[in-house]
Amino acid sequence: MSGISKFDVIVMGAGAAGMMCAAQAASTGKTVLILDHAKAAGEKIRISGGGRCNFTNLHCGPQNFISQNPHFAKSALKRYTQWDFIELISTNSISWHEKTLGQLFCDDTAKDIIAMLLRMMKKASVELRLQTSVTSMRLSDGLFDLALNDGSTLQASSVVVATGGKSIPKMGATGIGYQIAEQYGHSIIETRPGLVPLTFGEDTKQDFSALPGLSVPARVTANGTGFSEGLLFTHRGLSGPSILQASSYWNEKDPIHVHILPERTLFEDLRALRKEHGKKSISNVLAMVLPTRLADYFSDQMRLTGNLADQSDVDLRAIATYLSAWELFPTGTEGYRTAEVTLGGVNTDQLSSKTMESRLVSGLYFIGEVVDVTGWLGGFNFQWAWSSGWAAGSAIAAQTKN
Ligand SMILES: Cc1cc2nc3c(=O)[nH]c(=O)nc-3n(C[C@H](O)[C@H](O)[C@H](O)COP(=O)(O)OP(=O)(O)OC[C@H]3O[C@@H](n4cnc5c(N)ncnc54)[C@H](O)[C@@H]3O)c2cc1C
């Protein structure tokens with residue numbers, strides 16, 4: 001049929017997962033097209049990790065992911081590991097460093113990773129089309145017809161959906177991957193923003209207005225899962241790594257529990273301070289272990305008065321307990337506008353964990369963030385993009401040409 005360009009594989013979305021998949025799928029000579037409606041490929045990689053891309057984590061394993069089926073990610077993560085990606089970037093002369101907690105960043109710029117992926121695709125003769133979007137998709141006789149925004153039609157025997165989640169719509173995130181999944185009978189695990197700051201409405205009695213910009217070490221727990229990292233007070237609520245991590249486990253109306261200074265034995269510390277600083281006011285003593293404005297805030301909250309010497313062991317124990325089990329009820333999140341990831345997505349029950357292929361429609365694949373696999377903060381989401389992209393790409397590359 002004239003006017004139709006044919007490919008073995010079309011990858012929708014030139015993000016982390018799509019580019020890894022396209023390069024791998026083309027490695028045995030298959031014709032591969034990757035398209036994206038953005039002006040440039042890998043835009044999220046470019047802005048990630050403050051421009052240095054936290055591209056993986058030394059300690060990555062299935063335990064660092066949230067999914068309705070916690071076993072699903074195991075196979076892909078095991079077959080293309082953090083060590084494989086480290087080797088890939090090292091052989092591409094991209095230098096890197098560990099920042100904290102196993103989180104690996106580029107020494108120079110995230111653009112080095114985008115350039116590497118573009119080189120890999122070029123070497124494998126992948127065709128990249130930017131500012132191109134799919135307006136509709138149809139399956140007939142085992143072939144996918146994709147209508148594009150410029151009026152043309154593409155045809156392929158395999159389609160890989162790598163269009164990411166809903167986070168940061170300003171950067172081109174759309175829900176198209178979920179629509180395609182539903183069109184072919186897949187169910188979607190309800191999506192919601194993850195790795196996102198928590199907000200506190202006026203009715204919550206939490207007035208953080210004197211605290212924006214303050215940060216403090218904390219362990220934040222939501223629904224039984226806790227993270228010990230920094231906590232940051234913002235104008236609208238709470239952020240910082242410990243809050244972002246816990247936000248992925250938080251559901252509306254749930255409390256979160258905050259342990260301020262989890263590494264300190266506050267009761268023992270206050271008792272020791274009482275010996276030398278008994279004449280100081282209790283809020284001044286708290287300011288010796290906490291930022292002053294935060295010490296004032298907690299003194300107000302607990303209605304603390306008097307000097308340290310006036311506080312009995314029972315009083316000191318009550319202060320330590322308050323700071324170790326501070327219960328808060330967020331009213332919401334900052335939403336997809338600032339969320340780093342989208343929780344939920346294409347139900348893994350209907351996907352092969354080995355190849356990412358749909359169990360319902362042969363030749364249709366879903367990879368990366370569009371799938372119901374969401375990583376913790378710390379390089380895990382990119383590792384899922386590399387691993388799932390590699391799994392689908394390798395499976396496609398291994399198929400005999402028809
Ligand atoms: C600010 C920020 C910082 C982050 N930092 C990190 C980090 O340091 N480490 C980490 O592990 N994770 C980080 N993440 C998460 C990480 O970026 C994502 O999990 C990852 O990019 C997902 O890869 P993906 O390929 O599935 O989707 P994406 O990278 O989102 O790629 C999807 C692509 O599909 C395209 N697309 C969407 N809709 C259409 C359409 N209708 N037609 C055509 N193309 C379409 C998009 O333009 C995009 O290029 C960060 C996220 C954000 C928002």
# chains A, B, ... in the order shown; residues from 1 in each chain; ligands from 1
>>> residues_near_ligand(ligand="ligand 1", cutoff="7 Å", atoms="only C-alpha atoms and all ligand atoms", output="VMD selection string")
chain A and resid 12 to 18 35 to 38 41 to 45 47 to 49 53 to 56 132 to 134 162 to 165 167 to 168 171 to 176 338 to 341 367 to 370 377 to 383 385
>>> residues_around(residues="Ala320 of chain A", least_positions_apart="4", cutoff="9 Å", atoms="only C-alpha atoms", output="PyMOL selection string")
chain A and resi 265-267+270+315-316+324-325
>>> write_last_selection(atoms="all heavy atoms", output="CSV table (one decimal), in the first residue's frame")
chain,number,residue,atom,x,y,z
A,265,THR,N,19.4,10.1,70.8
A,265,THR,CA,18.6,9.6,72.0
A,265,THR,C,18.2,10.8,72.8
A,265,THR,O,18.9,11.2,73.7
A,265,THR,CB,19.5,8.6,72.8
A,265,THR,OG1,20.8,9.3,73.0
A,265,THR,CG2,19.7,7.3,72.1
A,266,LEU,N,17.1,11.4,72.4
A,266,LEU,CA,16.8,12.7,72.9
A,266,LEU,C,16.5,12.8,74.4
A,266,LEU,O,17.0,13.7,75.1
A,266,LEU,CB,15.5,13.2,72.1
A,266,LEU,CG,15.3,14.7,72.2
A,266,LEU,CD1,16.5,15.5,71.7
A,266,LEU,CD2,14.0,15.1,71.4
A,267,PHE,N,15.9,11.7,74.9
A,267,PHE,CA,15.6,11.7,76.3
A,267,PHE,C,16.9,11.7,77.1
A,267,PHE,O,17.1,12.5,78.0
A,267,PHE,CB,14.8,10.5,76.7
A,267,PHE,CG,14.6,10.2,78.2
A,267,PHE,CD1,14.0,11.2,79.0
A,267,PHE,CD2,15.2,9.1,78.8
A,267,PHE,CE1,13.9,11.0,80.3
A,267,PHE,CE2,15.0,8.9,80.1
A,267,PHE,CZ,14.4,9.8,80.9
A,270,LEU,N,18.6,15.2,76.7
A,270,LEU,CA,18.0,16.2,77.6
A,270,LEU,C,18.4,16.1,79.0
A,270,LEU,O,18.7,17.0,79.8
A,270,LEU,CB,16.5,16.3,77.4
A,270,LEU,CG,16.0,16.7,76.0
A,270,LEU,CD1,14.5,16.5,75.9
A,270,LEU,CD2,16.4,18.2,75.7
A,315,ASP,N,8.6,14.5,82.3
A,315,ASP,CA,8.4,15.6,81.4
A,315,ASP,C,9.4,15.4,80.2
A,315,ASP,O,9.0,15.6,79.0
A,315,ASP,CB,8.7,17.0,82.0
A,315,ASP,CG,7.7,17.3,83.2
A,315,ASP,OD1,6.6,16.7,83.1
A,315,ASP,OD2,8.1,18.0,84.1
A,316,LEU,N,10.6,15.1,80.5
A,316,LEU,CA,11.6,15.0,79.4
A,316,LEU,C,11.3,13.8,78.5
A,316,LEU,O,11.4,13.9,77.3
A,316,LEU,CB,13.1,14.8,80.0
A,316,LEU,CG,13.6,16.0,80.7
A,316,LEU,CD1,15.1,15.8,81.1
A,316,LEU,CD2,13.5,17.3,79.9
A,324,SER,N,9.4,12.0,68.7
A,324,SER,CA,9.7,10.8,68.0
A,324,SER,C,8.4,10.2,67.4
A,324,SER,O,8.5,9.2,66.6
A,324,SER,CB,10.3,9.7,68.9
A,324,SER,OG,9.3,9.3,69.9
A,325,ALA,N,7.3,10.7,67.7
A,325,ALA,CA,6.0,10.1,67.2
A,325,ALA,C,5.1,11.3,66.8
A,325,ALA,O,3.9,11.2,67.2
A,325,ALA,CB,5.4,9.2,68.2
>>> residues_around(residues="segment 246-258 of chain A", least_positions_apart="3", cutoff="10 Å", atoms="only C-alpha atoms", output="PDB file with N, CA, C and O atoms, in the first residue's frame")
ATOM      1  N   ILE A  66       7.368  -0.172  44.121  1.00  0.00           N
ATOM      2  CA  ILE A  66       5.976  -0.300  44.564  1.00  0.00           C
ATOM      3  C   ILE A  66       5.159  -0.769  43.360  1.00  0.00           C
ATOM      4  O   ILE A  66       5.251  -0.180  42.281  1.00  0.00           O
ATOM      5  N   ARG A 192      -1.723   7.883  40.653  1.00  0.00           N
ATOM      6  CA  ARG A 192      -1.677   9.047  41.545  1.00  0.00           C
ATOM      7  C   ARG A 192      -0.227   9.518  41.637  1.00  0.00           C
ATOM      8  O   ARG A 192       0.711   8.754  41.355  1.00  0.00           O
ATOM      9  N   PRO A 193      -0.055  10.793  42.015  1.00  0.00           N
ATOM     10  CA  PRO A 193       1.309  11.332  42.065  1.00  0.00           C
ATOM     11  C   PRO A 193       2.138  10.653  43.143  1.00  0.00           C
ATOM     12  O   PRO A 193       1.640  10.358  44.233  1.00  0.00           O
ATOM     13  N   GLY A 194       3.401  10.383  42.843  1.00  0.00           N
ATOM     14  CA  GLY A 194       4.332   9.801  43.820  1.00  0.00           C
ATOM     15  C   GLY A 194       5.584  10.653  43.915  1.00  0.00           C
ATOM     16  O   GLY A 194       5.842  11.488  43.039  1.00  0.00           O
ATOM     17  N   LEU A 195       6.372  10.433  44.972  1.00  0.00           N
ATOM     18  CA  LEU A 195       7.565  11.248  45.229  1.00  0.00           C
ATOM     19  C   LEU A 195       7.195  12.728  45.099  1.00  0.00           C
ATOM     20  O   LEU A 195       7.706  13.453  44.233  1.00  0.00           O
ATOM     21  N   VAL A 196       6.288  13.141  45.961  1.00  0.00           N
ATOM     22  CA  VAL A 196       5.662  14.465  45.821  1.00  0.00           C
ATOM     23  C   VAL A 196       5.555  15.131  47.203  1.00  0.00           C
ATOM     24  O   VAL A 196       5.317  14.443  48.210  1.00  0.00           O
ATOM     25  N   PRO A 197       5.734  16.459  47.291  1.00  0.00           N
ATOM     26  CA  PRO A 197       5.560  17.135  48.587  1.00  0.00           C
ATOM     27  C   PRO A 197       4.128  16.988  49.109  1.00  0.00           C
ATOM     28  O   PRO A 197       3.180  16.909  48.320  1.00  0.00           O
ATOM     29  N   LEU A 198       3.978  16.963  50.426  1.00  0.00           N
ATOM     30  CA  LEU A 198       2.658  16.857  51.044  1.00  0.00           C
ATOM     31  C   LEU A 198       2.205  18.246  51.494  1.00  0.00           C
ATOM     32  O   LEU A 198       3.016  19.060  51.944  1.00  0.00           O
ATOM     33  N   ALA A 218      14.990  13.397  59.756  1.00  0.00           N
ATOM     34  CA  ALA A 218      13.744  12.817  60.283  1.00  0.00           C
ATOM     35  C   ALA A 218      13.522  11.426  59.698  1.00  0.00           C
ATOM     36  O   ALA A 218      14.054  11.103  58.639  1.00  0.00           O
ATOM     37  N   ARG A 219      12.758  10.641  60.427  1.00  0.00           N
ATOM     38  CA  ARG A 219      12.259   9.381  59.848  1.00  0.00           C
ATOM     39  C   ARG A 219      10.760   9.559  59.666  1.00  0.00           C
ATOM     40  O   ARG A 219      10.032   9.807  60.633  1.00  0.00           O
ATOM     41  N   VAL A 220      10.307   9.457  58.424  1.00  0.00           N
ATOM     42  CA  VAL A 220       8.888   9.677  58.139  1.00  0.00           C
ATOM     43  C   VAL A 220       8.268   8.341  57.729  1.00  0.00           C
ATOM     44  O   VAL A 220       8.785   7.657  56.841  1.00  0.00           O
ATOM     45  N   THR A 221       7.162   8.003  58.379  1.00  0.00           N
ATOM     46  CA  THR A 221       6.516   6.718  58.132  1.00  0.00           C
ATOM     47  C   THR A 221       5.086   6.939  57.649  1.00  0.00           C
ATOM     48  O   THR A 221       4.341   7.731  58.235  1.00  0.00           O
ATOM     49  N   ALA A 222       4.735   6.263  56.570  1.00  0.00           N
ATOM     50  CA  ALA A 222       3.346   6.282  56.087  1.00  0.00           C
ATOM     51  C   ALA A 222       2.937   4.837  55.841  1.00  0.00           C
ATOM     52  O   ALA A 222       3.643   4.092  55.160  1.00  0.00           O
ATOM     53  N   ASN A 223       1.825   4.462  56.414  1.00  0.00           N
ATOM     54  CA  ASN A 223       1.313   3.094  56.234  1.00  0.00           C
ATOM     55  C   ASN A 223       2.355   2.017  56.489  1.00  0.00           C
ATOM     56  O   ASN A 223       2.487   1.049  55.722  1.00  0.00           O
ATOM     57  N   GLY A 224       3.155   2.225  57.525  1.00  0.00           N
ATOM     58  CA  GLY A 224       4.085   1.182  57.955  1.00  0.00           C
ATOM     59  C   GLY A 224       5.443   1.189  57.270  1.00  0.00           C
ATOM     60  O   GLY A 224       6.318   0.417  57.634  1.00  0.00           O
ATOM     61  N   THR A 225       5.632   2.040  56.265  1.00  0.00           N
ATOM     62  CA  THR A 225       6.938   2.093  55.605  1.00  0.00           C
ATOM     63  C   THR A 225       7.606   3.430  55.927  1.00  0.00           C
ATOM     64  O   THR A 225       7.003   4.487  55.723  1.00  0.00           O
ATOM     65  N   GLY A 226       8.819   3.358  56.458  1.00  0.00           N
ATOM     66  CA  GLY A 226       9.484   4.580  56.930  1.00  0.00           C
ATOM     67  C   GLY A 226      10.799   4.835  56.214  1.00  0.00           C
ATOM     68  O   GLY A 226      11.474   3.902  55.762  1.00  0.00           O
ATOM     69  N   PHE A 227      11.168   6.113  56.113  1.00  0.00           N
ATOM     70  CA  PHE A 227      12.412   6.526  55.447  1.00  0.00           C
ATOM     71  C   PHE A 227      13.124   7.556  56.303  1.00  0.00           C
ATOM     72  O   PHE A 227      12.511   8.553  56.709  1.00  0.00           O
ATOM     73  N   SER A 228      14.412   7.316  56.584  1.00  0.00           N
ATOM     74  CA  SER A 228      15.206   8.261  57.371  1.00  0.00           C
ATOM     75  C   SER A 228      16.067   9.087  56.439  1.00  0.00           C
ATOM     76  O   SER A 228      17.073   8.598  55.920  1.00  0.00           O
ATOM     77  N   LEU A 231      14.041  16.228  56.115  1.00  0.00           N
ATOM     78  CA  LEU A 231      12.668  16.730  55.992  1.00  0.00           C
ATOM     79  C   LEU A 231      12.772  18.240  55.841  1.00  0.00           C
ATOM     80  O   LEU A 231      13.535  18.890  56.560  1.00  0.00           O
ATOM     81  N   SER A 239       8.328  18.775  52.576  1.00  0.00           N
ATOM     82  CA  SER A 239       9.006  18.132  51.454  1.00  0.00           C
ATOM     83  C   SER A 239      10.330  17.566  51.962  1.00  0.00           C
ATOM     84  O   SER A 239      10.464  17.285  53.151  1.00  0.00           O
ATOM     85  N   PRO A 241      13.618  14.622  51.043  1.00  0.00           N
ATOM     86  CA  PRO A 241      13.614  13.214  50.637  1.00  0.00           C
ATOM     87  C   PRO A 241      12.751  12.292  51.495  1.00  0.00           C
ATOM     88  O   PRO A 241      12.065  11.418  50.957  1.00  0.00           O
ATOM     89  N   SER A 242      12.762  12.479  52.815  1.00  0.00           N
ATOM     90  CA  SER A 242      11.993  11.553  53.663  1.00  0.00           C
ATOM     91  C   SER A 242      10.494  11.671  53.384  1.00  0.00           C
ATOM     92  O   SER A 242       9.765  10.668  53.384  1.00  0.00           O
ATOM     93  N   ILE A 243      10.034  12.906  53.120  1.00  0.00           N
ATOM     94  CA  ILE A 243       8.609  13.124  52.824  1.00  0.00           C
ATOM     95  C   ILE A 243       8.272  12.605  51.423  1.00  0.00           C
ATOM     96  O   ILE A 243       7.248  11.925  51.222  1.00  0.00           O
ATOM     97  N   LEU A 261      14.972  13.949  64.411  1.00  0.00           N
ATOM     98  CA  LEU A 261      16.302  13.541  64.884  1.00  0.00           C
ATOM     99  C   LEU A 261      16.321  12.049  65.276  1.00  0.00           C
ATOM    100  O   LEU A 261      16.598  11.700  66.430  1.00  0.00           O
ATOM    101  N   PRO A 262      16.061  11.163  64.323  1.00  0.00           N
ATOM    102  CA  PRO A 262      15.940   9.746  64.680  1.00  0.00           C
ATOM    103  C   PRO A 262      17.251   9.129  65.173  1.00  0.00           C
ATOM    104  O   PRO A 262      17.233   8.108  65.854  1.00  0.00           O
ATOM    105  N   TYR A 322       7.097  12.957  72.108  1.00  0.00           N
ATOM    106  CA  TYR A 322       6.367  13.823  71.168  1.00  0.00           C
ATOM    107  C   TYR A 322       7.158  13.967  69.863  1.00  0.00           C
ATOM    108  O   TYR A 322       6.625  13.822  68.770  1.00  0.00           O
ATOM    109  N   LEU A 323       8.484  14.213  70.008  1.00  0.00           N
ATOM    110  CA  LEU A 323       9.310  14.437  68.818  1.00  0.00           C
ATOM    111  C   LEU A 323       9.611  13.142  68.056  1.00  0.00           C
ATOM    112  O   LEU A 323      10.034  13.186  66.911  1.00  0.00           O
ATOM    113  N   SER A 324       9.398  12.010  68.710  1.00  0.00           N
ATOM    114  CA  SER A 324       9.677  10.752  67.997  1.00  0.00           C
ATOM    115  C   SER A 324       8.415  10.164  67.364  1.00  0.00           C
ATOM    116  O   SER A 324       8.492   9.226  66.569  1.00  0.00           O
ATOM    117  N   ALA A 325       7.264  10.707  67.726  1.00  0.00           N
ATOM    118  CA  ALA A 325       6.019  10.139  67.176  1.00  0.00           C
ATOM    119  C   ALA A 325       5.050  11.261  66.825  1.00  0.00           C
ATOM    120  O   ALA A 325       3.880  11.236  67.186  1.00  0.00           O
ATOM    121  N   TRP A 326       5.573  12.260  66.130  1.00  0.00           N
ATOM    122  CA  TRP A 326       4.777  13.435  65.756  1.00  0.00           C
ATOM    123  C   TRP A 326       3.787  12.998  64.678  1.00  0.00           C
ATOM    124  O   TRP A 326       4.198  12.586  63.583  1.00  0.00           O
ATOM    125  N   GLU A 327       2.505  13.050  65.023  1.00  0.00           N
ATOM    126  CA  GLU A 327       1.493  12.568  64.065  1.00  0.00           C
ATOM    127  C   GLU A 327       0.895  13.743  63.305  1.00  0.00           C
ATOM    128  O   GLU A 327       0.466  14.730  63.907  1.00  0.00           O
ATOM    129  N   LEU A 328       0.867  13.616  61.978  1.00  0.00           N
ATOM    130  CA  LEU A 328       0.360  14.702  61.142  1.00  0.00           C
ATOM    131  C   LEU A 328      -0.621  14.143  60.125  1.00  0.00           C
ATOM    132  O   LEU A 328      -0.445  13.012  59.649  1.00  0.00           O
ATOM    133  N   PHE A 329      -1.606  14.959  59.779  1.00  0.00           N
ATOM    134  CA  PHE A 329      -2.585  14.549  58.759  1.00  0.00           C
ATOM    135  C   PHE A 329      -2.492  15.483  57.552  1.00  0.00           C
ATOM    136  O   PHE A 329      -3.111  16.541  57.555  1.00  0.00           O
ATOM    137  N   PRO A 330      -1.706  15.087  56.540  1.00  0.00           N
ATOM    138  CA  PRO A 330      -1.644  15.926  55.336  1.00  0.00           C
ATOM    139  C   PRO A 330      -3.029  15.995  54.700  1.00  0.00           C
ATOM    140  O   PRO A 330      -3.819  15.050  54.808  1.00  0.00           O
ATOM    141  N   THR A 331      -3.299  17.125  54.023  1.00  0.00           N
ATOM    142  CA  THR A 331      -4.595  17.213  53.336  1.00  0.00           C
ATOM    143  C   THR A 331      -4.470  16.819  51.873  1.00  0.00           C
ATOM    144  O   THR A 331      -5.456  16.538  51.219  1.00  0.00           O
ATOM    145  N   GLY A 332      -3.258  16.835  51.351  1.00  0.00           N
ATOM    146  CA  GLY A 332      -3.101  16.457  49.946  1.00  0.00           C
ATOM    147  C   GLY A 332      -1.645  16.469  49.539  1.00  0.00           C
ATOM    148  O   GLY A 332      -0.746  16.443  50.395  1.00  0.00           O
ATOM    149  N   THR A 333      -1.427  16.489  48.218  1.00  0.00           N
ATOM    150  CA  THR A 333      -0.062  16.538  47.679  1.00  0.00           C
ATOM    151  C   THR A 333       0.017  17.702  46.700  1.00  0.00           C
ATOM    152  O   THR A 333      -1.004  18.274  46.317  1.00  0.00           O
ATOM    153  N   ALA A 339       5.219  16.211  41.000  1.00  0.00           N
ATOM    154  CA  ALA A 339       5.538  14.812  41.363  1.00  0.00           C
ATOM    155  C   ALA A 339       6.639  14.271  40.462  1.00  0.00           C
ATOM    156  O   ALA A 339       6.625  14.505  39.259  1.00  0.00           O
ATOM    157  N   VAL A 341       7.166  11.076  39.953  1.00  0.00           N
ATOM    158  CA  VAL A 341       6.694   9.859  39.286  1.00  0.00           C
ATOM    159  C   VAL A 341       5.176   9.705  39.402  1.00  0.00           C
ATOM    160  O   VAL A 341       4.532  10.393  40.191  1.00  0.00           O
ATOM    161  N   THR A 342       4.671   8.746  38.628  1.00  0.00           N
ATOM    162  CA  THR A 342       3.252   8.386  38.694  1.00  0.00           C
ATOM    163  C   THR A 342       3.145   6.982  39.254  1.00  0.00           C
ATOM    164  O   THR A 342       3.724   6.040  38.690  1.00  0.00           O
ATOM    165  N   LEU A 343       2.435   6.854  40.346  1.00  0.00           N
ATOM    166  CA  LEU A 343       2.170   5.522  40.907  1.00  0.00           C
ATOM    167  C   LEU A 343       1.050   4.864  40.110  1.00  0.00           C
ATOM    168  O   LEU A 343       0.221   5.551  39.520  1.00  0.00           O
ATOM    169  N   THR A 374       6.772   1.386  40.336  1.00  0.00           N
ATOM    170  CA  THR A 374       7.271   2.722  40.685  1.00  0.00           C
ATOM    171  C   THR A 374       8.401   2.589  41.686  1.00  0.00           C
ATOM    172  O   THR A 374       8.240   1.929  42.711  1.00  0.00           O
ATOM    173  N   GLY A 375       9.512   3.225  41.390  1.00  0.00           N
ATOM    174  CA  GLY A 375      10.672   3.115  42.267  1.00  0.00           C
ATOM    175  C   GLY A 375      10.685   4.159  43.366  1.00  0.00           C
ATOM    176  O   GLY A 375      10.004   5.178  43.292  1.00  0.00           O
ATOM    177  N   TRP A 376      11.488   3.897  44.366  1.00  0.00           N
ATOM    178  CA  TRP A 376      11.767   4.889  45.406  1.00  0.00           C
ATOM    179  C   TRP A 376      12.594   6.012  44.794  1.00  0.00           C
ATOM    180  O   TRP A 376      13.111   5.894  43.685  1.00  0.00           O
ATOM    181  N   LEU A 377      12.762   7.060  45.572  1.00  0.00           N
ATOM    182  CA  LEU A 377      13.678   8.129  45.211  1.00  0.00           C
ATOM    183  C   LEU A 377      15.102   7.576  45.296  1.00  0.00           C
ATOM    184  O   LEU A 377      15.409   6.822  46.216  1.00  0.00           O
TER     185      LEU A 377
END
>>> residues_around(residues="Ser209 of chain A", least_positions_apart="3", cutoff="9 Å", atoms="only C-alpha atoms", output="short mmCIF file (atom, residue, chain, number, x, y, z; two decimals) with N, CA, C and O atoms, in the first residue's frame")
data_model
loop_
_atom_site.label_atom_id
_atom_site.label_comp_id
_atom_site.auth_asym_id
_atom_site.auth_seq_id
_atom_site.Cartn_x
_atom_site.Cartn_y
_atom_site.Cartn_z
N GLN A 206 -2.16 22.75 61.41
CA GLN A 206 -0.71 22.73 61.27
C GLN A 206 -0.29 24.02 60.62
O GLN A 206 -0.55 24.24 59.45
N PRO A 212 9.22 27.81 56.72
CA PRO A 212 9.68 27.46 55.38
C PRO A 212 11.20 27.58 55.22
O PRO A 212 11.80 28.54 55.72
N PHE A 233 10.64 21.96 55.55
CA PHE A 233 9.38 22.71 55.69
C PHE A 233 9.25 23.65 54.49
O PHE A 233 10.22 24.30 54.11
N THR A 234 8.05 23.67 53.90
CA THR A 234 7.82 24.55 52.74
C THR A 234 6.67 25.51 53.08
O THR A 234 6.07 25.41 54.16
N HIS A 235 6.35 26.41 52.15
CA HIS A 235 5.25 27.35 52.41
C HIS A 235 3.91 26.63 52.51
O HIS A 235 3.03 27.05 53.24
N ARG A 236 3.80 25.51 51.77
CA ARG A 236 2.49 24.83 51.75
C ARG A 236 2.47 23.54 52.55
O ARG A 236 1.43 22.91 52.68
N GLY A 237 3.63 23.13 53.08
CA GLY A 237 3.61 21.87 53.83
C GLY A 237 5.00 21.32 54.06
O GLY A 237 5.89 22.00 54.54
#
>>> select_by_dssp(residues="segment 85-283 of chain A", states="strand (DSSP E or B)", output="MDAnalysis selection string")
chainID A and resid 96:98 103:106 127:129 134:140 143:148 153:161 188:194 198:199 215:222 225:233 237:239 256:260 281
>>> atom_distance(atom1="atom CA of Lys6 of chain A", atom2="atom CA of Thr135 of chain A")
17.2 Å
>>> closest_residue(among="A:His186, A:Lys170, A:Lys39, A:His97", to="Asn57 of chain A", atoms="only C-alpha atoms")
A:His97
>>> select_by_dssp(residues="segment 102-182 of chain A", states="helix (DSSP H, G or I)", output="MDAnalysis selection string")
chainID A and resid 111:123 169:171 176:182
>>> atom_distance(atom1="atom CA of Phe85 of chain A", atom2="atom CA of Leu104 of chain A")
10.9 Å
>>> residues_around(residues="segment 278-284 of chain A", least_positions_apart="4", cutoff="8 Å", atoms="only C-alpha atoms", output="PDB file with N, CA and C atoms, in the first residue's frame")
ATOM      1  N   LEU A 273      21.874  17.306  79.415  1.00  0.00           N
ATOM      2  CA  LEU A 273      21.921  18.775  79.324  1.00  0.00           C
ATOM      3  C   LEU A 273      21.413  19.423  80.605  1.00  0.00           C
ATOM      4  N   ARG A 274      20.461  18.747  81.279  1.00  0.00           N
ATOM      5  CA  ARG A 274      19.866  19.311  82.500  1.00  0.00           C
ATOM      6  C   ARG A 274      20.934  19.547  83.573  1.00  0.00           C
ATOM      7  N   MET A 288      19.310  23.928  71.172  1.00  0.00           N
ATOM      8  CA  MET A 288      20.683  23.400  71.109  1.00  0.00           C
ATOM      9  C   MET A 288      20.743  22.130  70.245  1.00  0.00           C
ATOM     10  N   THR A 292      16.525  26.950  65.709  1.00  0.00           N
ATOM     11  CA  THR A 292      15.811  27.756  66.721  1.00  0.00           C
ATOM     12  C   THR A 292      14.318  27.892  66.437  1.00  0.00           C
ATOM     13  N   ALA A 295      12.616  24.770  67.279  1.00  0.00           N
ATOM     14  CA  ALA A 295      12.558  24.595  68.740  1.00  0.00           C
ATOM     15  C   ALA A 295      11.402  25.434  69.300  1.00  0.00           C
ATOM     16  N   ASP A 296      11.270  26.671  68.808  1.00  0.00           N
ATOM     17  CA  ASP A 296      10.165  27.538  69.262  1.00  0.00           C
ATOM     18  C   ASP A 296       8.823  26.926  68.881  1.00  0.00           C
ATOM     19  N   SER A 299       8.074  24.008  71.130  1.00  0.00           N
ATOM     20  CA  SER A 299       7.794  24.483  72.489  1.00  0.00           C
ATOM     21  C   SER A 299       6.358  24.992  72.568  1.00  0.00           C
ATOM     22  N   LEU A 304       5.390  24.183  76.324  1.00  0.00           N
ATOM     23  CA  LEU A 304       6.461  24.010  77.306  1.00  0.00           C
ATOM     24  C   LEU A 304       6.780  25.344  77.963  1.00  0.00           C
ATOM     25  N   THR A 305       6.888  25.338  79.242  1.00  0.00           N
ATOM     26  CA  THR A 305       7.262  26.571  79.962  1.00  0.00           C
ATOM     27  C   THR A 305       8.322  26.209  81.005  1.00  0.00           C
ATOM     28  N   GLY A 306       8.993  27.236  81.481  1.00  0.00           N
ATOM     29  CA  GLY A 306       9.948  27.041  82.573  1.00  0.00           C
ATOM     30  C   GLY A 306      11.341  26.668  82.085  1.00  0.00           C
ATOM     31  N   ASN A 307      12.200  26.427  83.081  1.00  0.00           N
ATOM     32  CA  ASN A 307      13.585  26.073  82.771  1.00  0.00           C
ATOM     33  C   ASN A 307      13.734  24.561  82.663  1.00  0.00           C
ATOM     34  N   LEU A 308      14.898  24.184  82.130  1.00  0.00           N
ATOM     35  CA  LEU A 308      15.146  22.747  81.989  1.00  0.00           C
ATOM     36  C   LEU A 308      15.163  22.060  83.364  1.00  0.00           C
ATOM     37  N   ALA A 309      15.699  22.766  84.344  1.00  0.00           N
ATOM     38  CA  ALA A 309      15.780  22.177  85.693  1.00  0.00           C
ATOM     39  C   ALA A 309      14.392  21.862  86.253  1.00  0.00           C
ATOM     40  N   ASP A 310      13.357  22.598  85.738  1.00  0.00           N
ATOM     41  CA  ASP A 310      11.987  22.362  86.237  1.00  0.00           C
ATOM     42  C   ASP A 310      11.374  21.082  85.669  1.00  0.00           C
TER      43      ASP A 310
END
>>> closest_residue(among="A:Ser362, A:Thr28, A:Ser387, A:Thr191", to="Tyr336 of chain A", atoms="only C-alpha atoms")
A:Thr191
>>> residues_around(residues="segment 350-357 of chain A", least_positions_apart="2", cutoff="6 Å", atoms="only C-alpha atoms", output="list in words")
Phe72, Ser75, Thr348, Arg359, Leu364, Tyr365, Phe366, Ala391, Ala392 and Ala395 of chain A
>>> atom_distance(atom1="atom CA of Ile396 of chain A", atom2="atom CA of Gln179 of chain A")
22.9 Å
